[in-house]
>>> print(open('upload-v4.cif').read())   # mmCIF, C-alpha atoms (C1' of nucleotides)
data_protein
#
loop_
_atom_site.group_PDB
_atom_site.id
_atom_site.type_symbol
_atom_site.label_atom_id
_atom_site.label_comp_id
_atom_site.auth_asym_id
_atom_site.auth_seq_id
_atom_site.Cartn_x
_atom_site.Cartn_y
_atom_site.Cartn_z
ATOM 1 C CA MET A 1 -34.691 19.766 11.886
ATOM 2 C CA SER A 2 -31.157 18.610 11.610
ATOM 3 C CA SER A 3 -29.673 19.327 14.962
ATOM 4 C CA GLU A 4 -26.710 21.647 14.880
ATOM 5 C CA ILE A 5 -23.920 19.964 16.667
ATOM 6 C CA THR A 6 -20.219 20.579 17.145
ATOM 7 C CA ILE A 7 -17.615 17.949 16.620
ATOM 8 C CA GLY A 8 -17.375 16.991 20.280
ATOM 9 C CA THR A 9 -21.075 16.237 20.527
ATOM 10 C CA LEU A 10 -20.977 14.412 17.231
ATOM 11 C CA ALA A 11 -18.137 12.243 18.458
ATOM 12 C CA ARG A 12 -19.799 11.513 21.769
ATOM 13 C CA SER A 13 -23.082 10.621 20.067
ATOM 14 C CA ALA A 14 -21.315 8.013 18.000
ATOM 15 C CA GLY A 15 -19.183 6.768 20.827
ATOM 16 C CA VAL A 16 -15.859 7.796 19.379
ATOM 17 C CA GLY A 17 -13.296 10.429 20.204
ATOM 18 C CA VAL A 18 -12.989 13.784 18.549
ATOM 19 C CA GLU A 19 -9.617 12.770 17.188
ATOM 20 C CA THR A 20 -11.187 9.751 15.600
ATOM 21 C CA VAL A 21 -13.732 11.883 13.812
ATOM 22 C CA ARG A 22 -10.986 14.079 12.495
ATOM 23 C CA TYR A 23 -9.078 11.031 11.444
ATOM 24 C CA TYR A 24 -12.061 9.782 9.447
ATOM 25 C CA GLN A 25 -12.263 13.177 7.851
ATOM 26 C CA ARG A 26 -8.631 13.007 6.879
ATOM 27 C CA ARG A 27 -9.246 9.558 5.443
ATOM 28 C CA GLY A 28 -12.104 10.916 3.404
ATOM 29 C CA LEU A 29 -14.752 8.785 5.077
ATOM 30 C CA LEU A 30 -16.538 11.740 6.507
ATOM 31 C CA ALA A 31 -16.815 15.223 5.080
ATOM 32 C CA THR A 32 -15.500 18.132 7.062
ATOM 33 C CA ALA A 33 -18.536 20.264 7.718
ATOM 34 C CA GLY A 34 -18.772 23.191 5.380
ATOM 35 C CA THR A 35 -21.035 25.326 7.508
ATOM 36 C CA LYS A 36 -19.728 27.089 10.530
ATOM 37 C CA LYS A 37 -21.501 28.730 13.377
ATOM 38 C CA GLY A 38 -19.110 31.413 14.427
ATOM 39 C CA ALA A 39 -15.682 29.908 14.384
ATOM 40 C CA PHE A 40 -16.769 26.306 14.919
ATOM 41 C CA ARG A 41 -17.879 23.820 12.306
ATOM 42 C CA VAL A 42 -21.385 22.524 12.674
ATOM 43 C CA TYR A 43 -22.551 18.990 11.937
ATOM 44 C CA GLY A 44 -25.963 17.455 11.494
ATOM 45 C CA ASP A 45 -27.812 14.166 11.392
ATOM 46 C CA SER A 46 -26.276 12.966 8.183
ATOM 47 C CA GLU A 47 -22.783 13.102 9.580
ATOM 48 C CA LEU A 48 -23.911 11.250 12.677
ATOM 49 C CA ALA A 49 -25.547 8.565 10.572
ATOM 50 C CA ARG A 50 -22.429 8.184 8.515
ATOM 51 C CA LEU A 51 -20.288 7.912 11.596
ATOM 52 C CA ARG A 52 -22.533 5.192 12.967
ATOM 53 C CA PHE A 53 -22.428 3.401 9.643
ATOM 54 C CA ILE A 54 -18.662 3.358 9.860
ATOM 55 C CA ARG A 55 -18.738 1.930 13.362
ATOM 56 C CA ARG A 56 -21.221 -0.789 12.497
ATOM 57 C CA ALA A 57 -19.308 -1.816 9.428
ATOM 58 C CA GLN A 58 -16.153 -1.872 11.453
ATOM 59 C CA ALA A 59 -17.754 -4.180 13.991
ATOM 60 C CA LEU A 60 -18.472 -6.515 11.088
ATOM 61 C CA GLY A 61 -14.798 -6.668 10.267
ATOM 62 C CA PHE A 62 -14.646 -4.243 7.381
ATOM 63 C CA LYS A 63 -11.550 -2.125 7.295
ATOM 64 C CA LEU A 64 -11.723 1.574 6.626
ATOM 65 C CA ASP A 65 -10.833 1.259 2.958
ATOM 66 C CA GLU A 66 -13.614 -1.239 2.480
ATOM 67 C CA ILE A 67 -15.981 0.970 4.381
ATOM 68 C CA ALA A 68 -15.147 3.748 1.977
ATOM 69 C CA SER A 69 -16.355 1.481 -0.811
ATOM 70 C CA LEU A 70 -19.499 0.604 1.085
ATOM 71 C CA LEU A 71 -20.202 4.249 1.699
ATOM 72 C CA ALA A 72 -19.876 4.960 -2.000
ATOM 73 C CA LEU A 73 -22.692 2.539 -2.763
ATOM 74 C CA ASP A 74 -26.239 3.539 -3.436
ATOM 75 C CA GLU A 75 -28.949 1.745 -1.467
ATOM 76 C CA GLU A 76 -31.186 1.735 -4.490
ATOM 77 C CA THR A 77 -28.925 0.647 -7.273
ATOM 78 C CA ASP A 78 -25.906 -1.105 -5.791
ATOM 79 C CA ARG A 79 -27.332 -4.128 -4.081
ATOM 80 C CA GLU A 80 -25.173 -6.454 -6.133
ATOM 81 C CA SER A 81 -22.013 -4.706 -5.112
ATOM 82 C CA ALA A 82 -22.989 -4.603 -1.472
ATOM 83 C CA ARG A 83 -23.665 -8.310 -1.514
ATOM 84 C CA ALA A 84 -20.392 -8.997 -3.254
ATOM 85 C CA LEU A 85 -18.470 -7.057 -0.629
ATOM 86 C CA ALA A 86 -20.282 -8.830 2.155
ATOM 87 C CA ARG A 87 -19.634 -12.221 0.608
ATOM 88 C CA ALA A 88 -15.968 -11.430 0.160
ATOM 89 C CA LYS A 89 -15.788 -10.470 3.784
ATOM 90 C CA ILE A 90 -17.495 -13.699 4.772
ATOM 91 C CA ALA A 91 -14.920 -15.684 2.844
ATOM 92 C CA ASP A 92 -12.223 -13.683 4.510
ATOM 93 C CA VAL A 93 -13.608 -14.356 7.955
ATOM 94 C CA GLU A 94 -13.998 -18.030 7.207
ATOM 95 C CA GLU A 95 -10.404 -18.241 6.138
ATOM 96 C CA ARG A 96 -9.223 -16.600 9.307
ATOM 97 C CA ILE A 97 -11.351 -18.956 11.365
ATOM 98 C CA ARG A 98 -9.835 -21.933 9.603
ATOM 99 C CA GLN A 99 -6.348 -20.650 10.265
ATOM 100 C CA LEU A 100 -7.065 -20.100 13.907
ATOM 101 C CA GLN A 101 -8.625 -23.513 14.263
ATOM 102 C CA SER A 102 -5.571 -25.184 12.882
ATOM 103 C CA VAL A 103 -3.381 -23.201 15.238
ATOM 104 C CA HIS A 104 -5.734 -24.113 18.031
ATOM 105 C CA SER A 105 -5.468 -27.809 17.499
ATOM 106 C CA ALA A 106 -1.700 -27.660 17.169
ATOM 107 C CA LEU A 107 -1.511 -25.879 20.502
ATOM 108 C CA GLN A 108 -3.928 -28.305 22.103
ATOM 109 C CA GLU A 109 -1.810 -31.154 20.961
ATOM 110 C CA LEU A 110 1.321 -29.650 22.433
ATOM 111 C CA VAL A 111 -0.294 -28.970 25.762
ATOM 112 C CA SER A 112 -1.922 -32.348 26.113
ATOM 113 C CA CYS A 113 1.295 -34.017 25.099
ATOM 114 C CA CYS A 114 3.069 -32.061 27.792
ATOM 115 C CA GLU A 115 0.444 -32.996 30.344
ATOM 116 C CA HIS A 116 0.642 -36.697 29.610
ATOM 117 C CA THR A 117 4.381 -36.925 29.571
ATOM 118 C CA GLU A 118 5.414 -38.040 32.985
ATOM 119 C CA ALA A 119 9.111 -38.083 32.301
ATOM 120 C CA PRO A 120 10.674 -35.387 34.437
ATOM 121 C CA ALA A 121 12.804 -34.738 31.403
ATOM 122 C CA PRO A 122 12.660 -31.971 28.824
ATOM 123 C CA CYS A 123 9.490 -30.081 28.107
ATOM 124 C CA PRO A 124 7.759 -31.437 25.005
ATOM 125 C CA ILE A 125 6.474 -28.026 24.062
ATOM 126 C CA LEU A 126 9.859 -26.383 24.040
ATOM 127 C CA ARG A 127 11.438 -29.388 22.401
ATOM 128 C CA THR A 128 8.915 -29.397 19.598
ATOM 129 C CA LEU A 129 9.374 -25.734 18.956
ATOM 130 C CA GLY A 130 13.106 -26.211 19.136
ATOM 131 C CA GLY A 131 13.094 -28.568 16.295
ATOM 132 C CA GLU A 132 14.627 -31.792 15.039
ATOM 133 C CA ALA A 133 11.747 -33.369 13.127
ATOM 134 C CA ASN A 134 8.653 -31.532 12.144
ATOM 135 C CA MET B 1 30.933 -29.473 13.460
ATOM 136 C CA SER B 2 28.857 -26.366 13.611
ATOM 137 C CA SER B 3 28.739 -25.108 10.085
ATOM 138 C CA GLU B 4 30.138 -21.647 9.618
ATOM 139 C CA ILE B 5 27.556 -19.619 7.863
ATOM 140 C CA THR B 6 27.059 -15.984 7.021
ATOM 141 C CA ILE B 7 23.878 -14.115 7.680
ATOM 142 C CA GLY B 8 22.487 -14.558 4.180
ATOM 143 C CA THR B 9 22.779 -18.320 4.327
ATOM 144 C CA LEU B 10 21.385 -18.352 7.826
ATOM 145 C CA ALA B 11 18.387 -16.354 6.693
ATOM 146 C CA ARG B 12 17.798 -18.506 3.647
ATOM 147 C CA SER B 13 18.043 -21.680 5.713
ATOM 148 C CA ALA B 14 15.290 -20.469 7.966
ATOM 149 C CA GLY B 15 13.178 -19.065 5.157
ATOM 150 C CA VAL B 16 13.384 -15.443 6.210
ATOM 151 C CA GLY B 17 15.085 -12.383 4.831
ATOM 152 C CA VAL B 18 18.394 -11.005 5.992
ATOM 153 C CA GLU B 19 16.627 -7.909 7.205
ATOM 154 C CA THR B 20 14.365 -10.032 9.307
ATOM 155 C CA VAL B 21 17.300 -11.705 10.978
ATOM 156 C CA ARG B 22 18.794 -8.327 11.758
ATOM 157 C CA TYR B 23 15.452 -7.213 13.073
ATOM 158 C CA TYR B 24 15.311 -10.179 15.446
ATOM 159 C CA GLN B 25 18.785 -9.302 16.578
ATOM 160 C CA ARG B 26 17.722 -5.768 17.297
ATOM 161 C CA ARG B 27 14.758 -7.120 19.213
ATOM 162 C CA GLY B 28 17.065 -9.265 21.262
ATOM 163 C CA LEU B 29 15.574 -12.546 20.097
ATOM 164 C CA LEU B 30 18.739 -13.613 18.439
ATOM 165 C CA ALA B 31 22.301 -12.777 19.395
ATOM 166 C CA THR B 32 24.486 -10.963 16.952
ATOM 167 C CA ALA B 33 27.306 -13.363 16.233
ATOM 168 C CA GLY B 34 30.423 -12.519 18.132
ATOM 169 C CA THR B 35 32.836 -14.360 15.940
ATOM 170 C CA LYS B 36 33.839 -12.997 12.612
ATOM 171 C CA LYS B 37 35.603 -14.597 9.733
ATOM 172 C CA GLY B 38 37.391 -11.747 8.108
ATOM 173 C CA ALA B 39 34.976 -8.875 8.044
ATOM 174 C CA PHE B 40 31.787 -10.912 8.130
ATOM 175 C CA ARG B 41 30.015 -12.314 11.133
ATOM 176 C CA VAL B 42 29.715 -16.061 11.260
ATOM 177 C CA TYR B 43 26.751 -18.031 12.556
ATOM 178 C CA GLY B 44 26.303 -21.652 13.475
ATOM 179 C CA ASP B 45 23.704 -24.296 14.168
ATOM 180 C CA SER B 46 22.466 -22.780 17.390
ATOM 181 C CA GLU B 47 21.444 -19.562 15.708
ATOM 182 C CA LEU B 48 19.689 -21.490 12.983
ATOM 183 C CA ALA B 49 17.809 -23.547 15.547
ATOM 184 C CA ARG B 50 16.790 -20.430 17.372
ATOM 185 C CA LEU B 51 15.596 -18.802 14.207
ATOM 186 C CA ARG B 52 13.489 -21.836 13.387
ATOM 187 C CA PHE B 53 12.107 -21.847 16.893
ATOM 188 C CA ILE B 54 10.987 -18.274 16.392
ATOM 189 C CA ARG B 55 9.274 -19.114 13.113
ATOM 190 C CA ARG B 56 7.488 -22.139 14.524
ATOM 191 C CA ALA B 57 6.283 -20.249 17.531
ATOM 192 C CA GLN B 58 5.129 -17.475 15.270
ATOM 193 C CA ALA B 59 3.130 -19.920 13.189
ATOM 194 C CA LEU B 60 1.391 -20.898 16.412
ATOM 195 C CA GLY B 61 0.301 -17.333 16.935
ATOM 196 C CA PHE B 62 2.861 -16.200 19.468
ATOM 197 C CA LYS B 63 4.032 -12.676 19.040
ATOM 198 C CA LEU B 64 7.672 -11.754 19.249
ATOM 199 C CA ASP B 65 7.482 -10.570 22.836
ATOM 200 C CA GLU B 66 5.924 -13.841 23.851
ATOM 201 C CA ILE B 67 8.507 -15.737 21.889
ATOM 202 C CA ALA B 68 11.158 -13.925 23.841
ATOM 203 C CA SER B 69 9.602 -15.376 26.987
ATOM 204 C CA LEU B 70 9.484 -18.833 25.475
ATOM 205 C CA LEU B 71 13.107 -18.592 24.459
ATOM 206 C CA ALA B 72 14.046 -17.667 27.975
ATOM 207 C CA LEU B 73 12.627 -20.936 29.287
ATOM 208 C CA ASP B 74 14.655 -23.961 30.101
ATOM 209 C CA GLU B 75 13.540 -27.262 28.627
ATOM 210 C CA GLU B 76 14.450 -29.043 31.803
ATOM 211 C CA THR B 77 13.042 -26.871 34.522
ATOM 212 C CA ASP B 78 10.353 -24.627 33.031
ATOM 213 C CA ARG B 79 7.699 -27.001 31.839
ATOM 214 C CA GLU B 80 5.070 -25.346 33.993
ATOM 215 C CA SER B 81 5.730 -21.962 32.480
ATOM 216 C CA ALA B 82 5.750 -23.296 28.955
ATOM 217 C CA ARG B 83 2.411 -24.949 29.519
ATOM 218 C CA ALA B 84 0.995 -21.806 31.048
ATOM 219 C CA LEU B 85 2.043 -19.745 28.055
ATOM 220 C CA ALA B 86 0.595 -22.279 25.660
ATOM 221 C CA ARG B 87 -2.673 -22.400 27.559
ATOM 222 C CA ALA B 88 -2.923 -18.640 27.602
ATOM 223 C CA LYS B 89 -2.405 -18.623 23.867
ATOM 224 C CA ILE B 90 -5.092 -21.248 23.440
ATOM 225 C CA ALA B 91 -7.539 -19.104 25.378
ATOM 226 C CA ASP B 92 -6.564 -16.173 23.236
ATOM 227 C CA VAL B 93 -7.122 -18.085 20.022
ATOM 228 C CA GLU B 94 -10.462 -19.362 21.257
ATOM 229 C CA GLU B 95 -11.583 -15.864 22.008
ATOM 230 C CA ARG B 96 -10.639 -14.663 18.574
ATOM 231 C CA ILE B 97 -12.467 -17.578 17.005
ATOM 232 C CA ARG B 98 -15.599 -16.728 18.963
ATOM 233 C CA GLN B 99 -15.397 -13.119 17.846
ATOM 234 C CA LEU B 100 -14.993 -14.103 14.246
ATOM 235 C CA GLN B 101 -17.851 -16.550 14.453
ATOM 236 C CA SER B 102 -20.185 -13.918 15.733
ATOM 237 C CA VAL B 103 -19.127 -11.576 12.956
ATOM 238 C CA HIS B 104 -19.577 -14.409 10.513
ATOM 239 C CA SER B 105 -23.131 -15.088 11.484
ATOM 240 C CA ALA B 106 -24.031 -11.418 11.430
ATOM 241 C CA LEU B 107 -22.675 -11.167 7.899
ATOM 242 C CA GLN B 108 -24.456 -14.334 6.842
ATOM 243 C CA GLU B 109 -27.669 -12.944 8.122
ATOM 244 C CA LEU B 110 -27.250 -9.734 6.183
ATOM 245 C CA VAL B 111 -26.438 -11.497 2.958
ATOM 246 C CA SER B 112 -29.218 -14.015 3.166
ATOM 247 C CA CYS B 113 -31.640 -11.277 4.054
ATOM 248 C CA CYS B 114 -30.496 -9.384 0.989
ATOM 249 C CA GLU B 115 -30.871 -12.472 -1.163
ATOM 250 C CA HIS B 116 -34.400 -13.180 -0.036
ATOM 251 C CA THR B 117 -35.677 -9.655 -0.316
ATOM 252 C CA GLU B 118 -37.345 -9.409 -3.678
ATOM 253 C CA ALA B 119 -38.383 -5.805 -3.369
ATOM 254 C CA PRO B 120 -36.407 -3.877 -5.953
ATOM 255 C CA ALA B 121 -36.106 -1.271 -3.240
ATOM 256 C CA PRO B 122 -33.218 -0.354 -0.996
ATOM 257 C CA CYS B 123 -30.475 -2.792 -0.218
ATOM 258 C CA PRO B 124 -31.004 -4.405 3.180
ATOM 259 C CA ILE B 125 -27.284 -4.581 3.846
ATOM 260 C CA LEU B 126 -26.690 -0.916 3.345
ATOM 261 C CA ARG B 127 -29.879 -0.017 5.158
ATOM 262 C CA THR B 128 -28.947 -2.064 8.168
ATOM 263 C CA LEU B 129 -25.514 -0.530 8.330
ATOM 264 C CA GLY B 130 -27.062 2.863 7.842
ATOM 265 C CA GLY B 131 -29.085 2.506 10.939
ATOM 266 C CA GLU B 132 -32.475 3.293 12.422
ATOM 267 C CA ALA B 133 -33.062 0.366 14.764
ATOM 268 C CA ASN B 134 -30.398 -2.054 15.705
ATOM 269 C "C1'" DC C 1 -14.075 40.092 32.528
ATOM 270 C "C1'" DT C 2 -12.118 36.080 33.290
ATOM 271 C "C1'" DA C 3 -11.915 30.975 33.846
ATOM 272 C "C1'" DG C 4 -12.782 26.719 31.972
ATOM 273 C "C1'" DA C 5 -14.438 24.010 28.381
ATOM 274 C "C1'" DC C 6 -14.452 23.560 23.962
ATOM 275 C "C1'" DC C 7 -12.716 24.055 19.027
ATOM 276 C "C1'" DC C 8 -9.118 24.766 15.113
ATOM 277 C "C1'" DT C 9 -4.948 23.237 12.395
ATOM 278 C "C1'" DG C 10 -0.965 20.762 11.879
ATOM 279 C "C1'" DT C 11 2.294 17.583 13.150
ATOM 280 C "C1'" DA C 12 4.236 13.803 15.658
ATOM 281 C "C1'" DC C 13 3.764 9.451 17.896
ATOM 282 C "C1'" DC C 14 1.967 4.477 19.250
ATOM 283 C "C1'" DA C 15 1.955 -0.873 18.313
ATOM 284 C "C1'" DA C 16 3.900 -4.962 15.367
ATOM 285 C "C1'" DA C 17 6.670 -6.998 12.380
ATOM 286 C "C1'" DG C 18 9.034 -6.174 9.298
ATOM 287 C "C1'" DT C 19 10.982 -3.897 4.559
ATOM 288 C "C1'" DA C 20 13.818 -0.702 2.101
ATOM 289 C "C1'" DC C 21 17.584 2.194 1.354
ATOM 290 C "C1'" DG C 22 22.115 4.532 1.439
ATOM 291 C "C1'" DG C 23 26.888 4.278 1.462
ATOM 292 C "C1'" DA C 24 30.600 1.805 2.406
ATOM 293 C "C1'" DG C 25 33.530 -2.351 2.797
ATOM 294 C "C1'" DT C 26 34.856 -7.132 1.342
ATOM 295 C "C1'" DC C 27 35.093 -11.599 -0.679
ATOM 296 C "C1'" DA C 28 35.353 -15.036 -4.572
ATOM 297 C "C1'" DA C 29 35.719 -15.875 -9.227
ATOM 298 C "C1'" DC C 30 36.988 -15.117 -13.796
ATOM 299 C "C1'" DG D 1 42.144 -6.552 -11.103
ATOM 300 C "C1'" DT D 2 37.758 -5.879 -11.714
ATOM 301 C "C1'" DT D 3 32.903 -7.260 -11.557
ATOM 302 C "C1'" DG D 4 29.119 -8.903 -9.006
ATOM 303 C "C1'" DA D 5 27.285 -10.761 -4.947
ATOM 304 C "C1'" DC D 6 27.390 -10.392 -0.415
ATOM 305 C "C1'" DT D 7 27.936 -8.009 4.261
ATOM 306 C "C1'" DC D 8 27.883 -4.187 7.636
ATOM 307 C "C1'" DC D 9 25.597 -0.423 10.047
ATOM 308 C "C1'" DG D 10 22.276 2.963 10.623
ATOM 309 C "C1'" DT D 11 18.175 5.119 9.594
ATOM 310 C "C1'" DA D 12 13.735 5.722 7.564
ATOM 311 C "C1'" DC D 13 9.556 3.993 5.691
ATOM 312 C "C1'" DT D 14 5.359 0.670 5.563
ATOM 313 C "C1'" DT D 15 0.441 -0.676 7.204
ATOM 314 C "C1'" DT D 16 -3.820 0.143 10.137
ATOM 315 C "C1'" DG D 17 -6.413 2.756 13.109
ATOM 316 C "C1'" DG D 18 -6.035 5.720 15.672
ATOM 317 C "C1'" DT D 19 -3.986 8.958 19.889
ATOM 318 C "C1'" DA D 20 -1.422 12.937 21.662
ATOM 319 C "C1'" DC D 21 0.356 17.250 21.670
ATOM 320 C "C1'" DA D 22 1.472 22.190 20.637
ATOM 321 C "C1'" DG D 23 -0.080 26.613 20.174
ATOM 322 C "C1'" DG D 24 -3.338 29.005 19.185
ATOM 323 C "C1'" DG D 25 -8.705 30.909 18.990
ATOM 324 C "C1'" DT D 26 -13.498 31.142 20.857
ATOM 325 C "C1'" DC D 27 -17.622 30.464 23.370
ATOM 326 C "C1'" DT D 28 -20.356 30.415 27.696
ATOM 327 C "C1'" DA D 29 -21.234 31.045 32.576
ATOM 328 C "C1'" DG D 30 -20.566 33.174 36.692
#
>>> encode(input="upload-v4.cif", output="C-alpha cells")
Amino acid sequence: MSSEITIGTLARSAGVGVETVRYYQRRGLLATAGTKKGAFRVYGDSELARLRFIRRAQALGFKLDEIASLLALDEETDRESARALARAKIADVEERIRQLQSVHSALQELVSCCEHTEAPAPCPILRTLGGEAN
Amino acid sequence: MSSEITIGTLARSAGVGVETVRYYQRRGLLATAGTKKGAFRVYGDSELARLRFIRRAQALGFKLDEIASLLALDEETDRESARALARAKIADVEERIRQLQSVHSALQELVSCCEHTEAPAPCPILRTLGGEAN
DNA sequence: CTAGACCCTGTACCAAAGTACGGAGTCAAC
DNA sequence: GTTGACTCCGTACTTTGGTACAGGGTCTAG
C-alpha cells in the first residue's frame, strides 16, 4: 500500500530538496521516519502528504511556525481554529497590501513629479529624500 | 554653524539606535566621523541629513544596498538614474502587491467555503491544504 | 568488485537589517 | 573625586527558511 520511499524520492515528489526535508524534520514539522530498510530510513504516503501540506500552506503565506499549528489541528474537531488562523492571515495580508499601496503611491508621486519638472536643476526625487520639509 | 553632535544625539535625532548608526557606518552608508572632540567622534548636519535620507528611502521600500546606489547619485546630474531606480522599485512593489492579492483571494475562498459548509464533517480548509486534487 | 548514486549525521554558512554584549575609556555634574 | 551616562571597538547573536559541506556508510548495476 504505502509506497516505501527514501528521502530523496520523497523530496523530489514534493518538489523540495533533501536538505529541506531534513530541515523540516529538525523544525519538528515532519517526523523522521522510524522504520528503516537496511541502513536507510523509509517514508510513506503520510509523510508525502504532510510535506505537500506544508508547501501549500507556505504558498498561502503561512510561516513554518504557523504551519506547525495548522498541522496540529484535527480536520474533524478544529474547524474553528483553522478558520481563525486563516482569518488572521487574511488580516495580515491585507495589512501588508495596504502598506505596499501607500509606498506605491508615494513612489508614483515622486516619479511623476520628476517627469514633469522641466527645470534642468536638482532631481526632485533625490531632493525629497534628502530632506528639508516632509 | 554645523552643530557638533556625538553619535548618541545623532542617532536620537534621526530616530534610530546608536547601534544602527554604527551598522550603517560598517555598511559604508555613512562615514565614520573623522573629527573628534576629545575622545569622542563628532558629527554634524550632513551626517544627520544622510541618516534621514536613509530612513526615508527605507520607508519607501528601498533596501540598504539600493540606498547606497541612491546616495551615490548627484542631484544635479543623475536624474535619469534616480528615476530608473524609483521605477524599478515601483515595479517591484506592484509585483508584490499582485502576489499578495492572489494569496488573499485564495485565503478568502477557503474561509468562505468553510463558513458555508454546514456538514459537521471535516474542515474544508485543512482538507484542501491536505491535498487530493488541487 | 568496484564505481557512482544515494543516504546518514552533524555542523557551518547564506541573506538582511539590525541588536546585544563585553570591557574599556571618558566626560560632566554634584 | 566619584558616580552615572555616554562613547569606543570588536565580536557574537537574532530571525526565517533554508543551503552547503565534511566525512563517513551503503546500495545497486555493470
>>> closest_atom_pairs(input="upload-v4.cif", of="chain D", to="chain B", cutoff="10 Å", atoms="only C-alpha atoms (C1' of nucleotides)", output="CSV")
residue,atom,partner,partner_atom,distance
D:DC6,C1',B:Gly8,CA,7.9
D:DT7,C1',B:Phe40,CA,6.2
D:DC8,C1',B:Phe40,CA,7.8
>>> interface_residues(input="upload-v4.cif", of="chain B", to="chain C", cutoff="8 Å", atoms="only C-alpha atoms (C1' of nucleotides)", output="PyMOL selection string")
chain B and resi 19-20+23+39
>>> interface_residues(input="upload-v4.cif", of="chain B", to="chain A", cutoff="7 Å", atoms="only C-alpha atoms", output="list in words")
Ala49, Phe53, Arg56, Ala57, Leu60, Glu75, Glu76, Arg79, Ala82, Arg83, Ala86, Ile90, Val93, Ile97, Leu100, Val103, His104, Leu107, Val111, Ala121, Pro122, Cys123, Ile125, Leu126, Arg127, Leu129, Gly130 and Gly131 of chain B
>>> axis_aligned_box(input="upload-v4.cif", around="segment 13-20 of chain C", padding_each_side="6 Å", output="JSON")
{"center_x": 7.9, "center_y": 1.2, "center_z": 10.7, "size_x": 23.9, "size_y": 28.4, "size_z": 29.1}
>>> atom_distance(input="upload-v4.cif", atom1="atom CA of Gly38 of chain A", atom2="atom C1' of DT26 of chain D")
8.5 Å
>>> residues_near_point(input="upload-v4.cif", point="(-6.4, 11.1, 21.1)", cutoff="10 Å", atoms="only C-alpha atoms (C1' of nucleotides)", output="list in words")
Gly17, Val18, Glu19 and Thr20 of chain A; DG18, DT19, DA20 and DC21 of chain D
>>> atom_distance(input="upload-v4.cif", atom1="atom CA of Ser3 of chain A", atom2="atom CA of Tyr43 of chain A")
7.7 Å
>>> atom_distance(input="upload-v4.cif", atom1="atom CA of Gly28 of chain B", atom2="atom C1' of DT16 of chain D")
25.5 Å
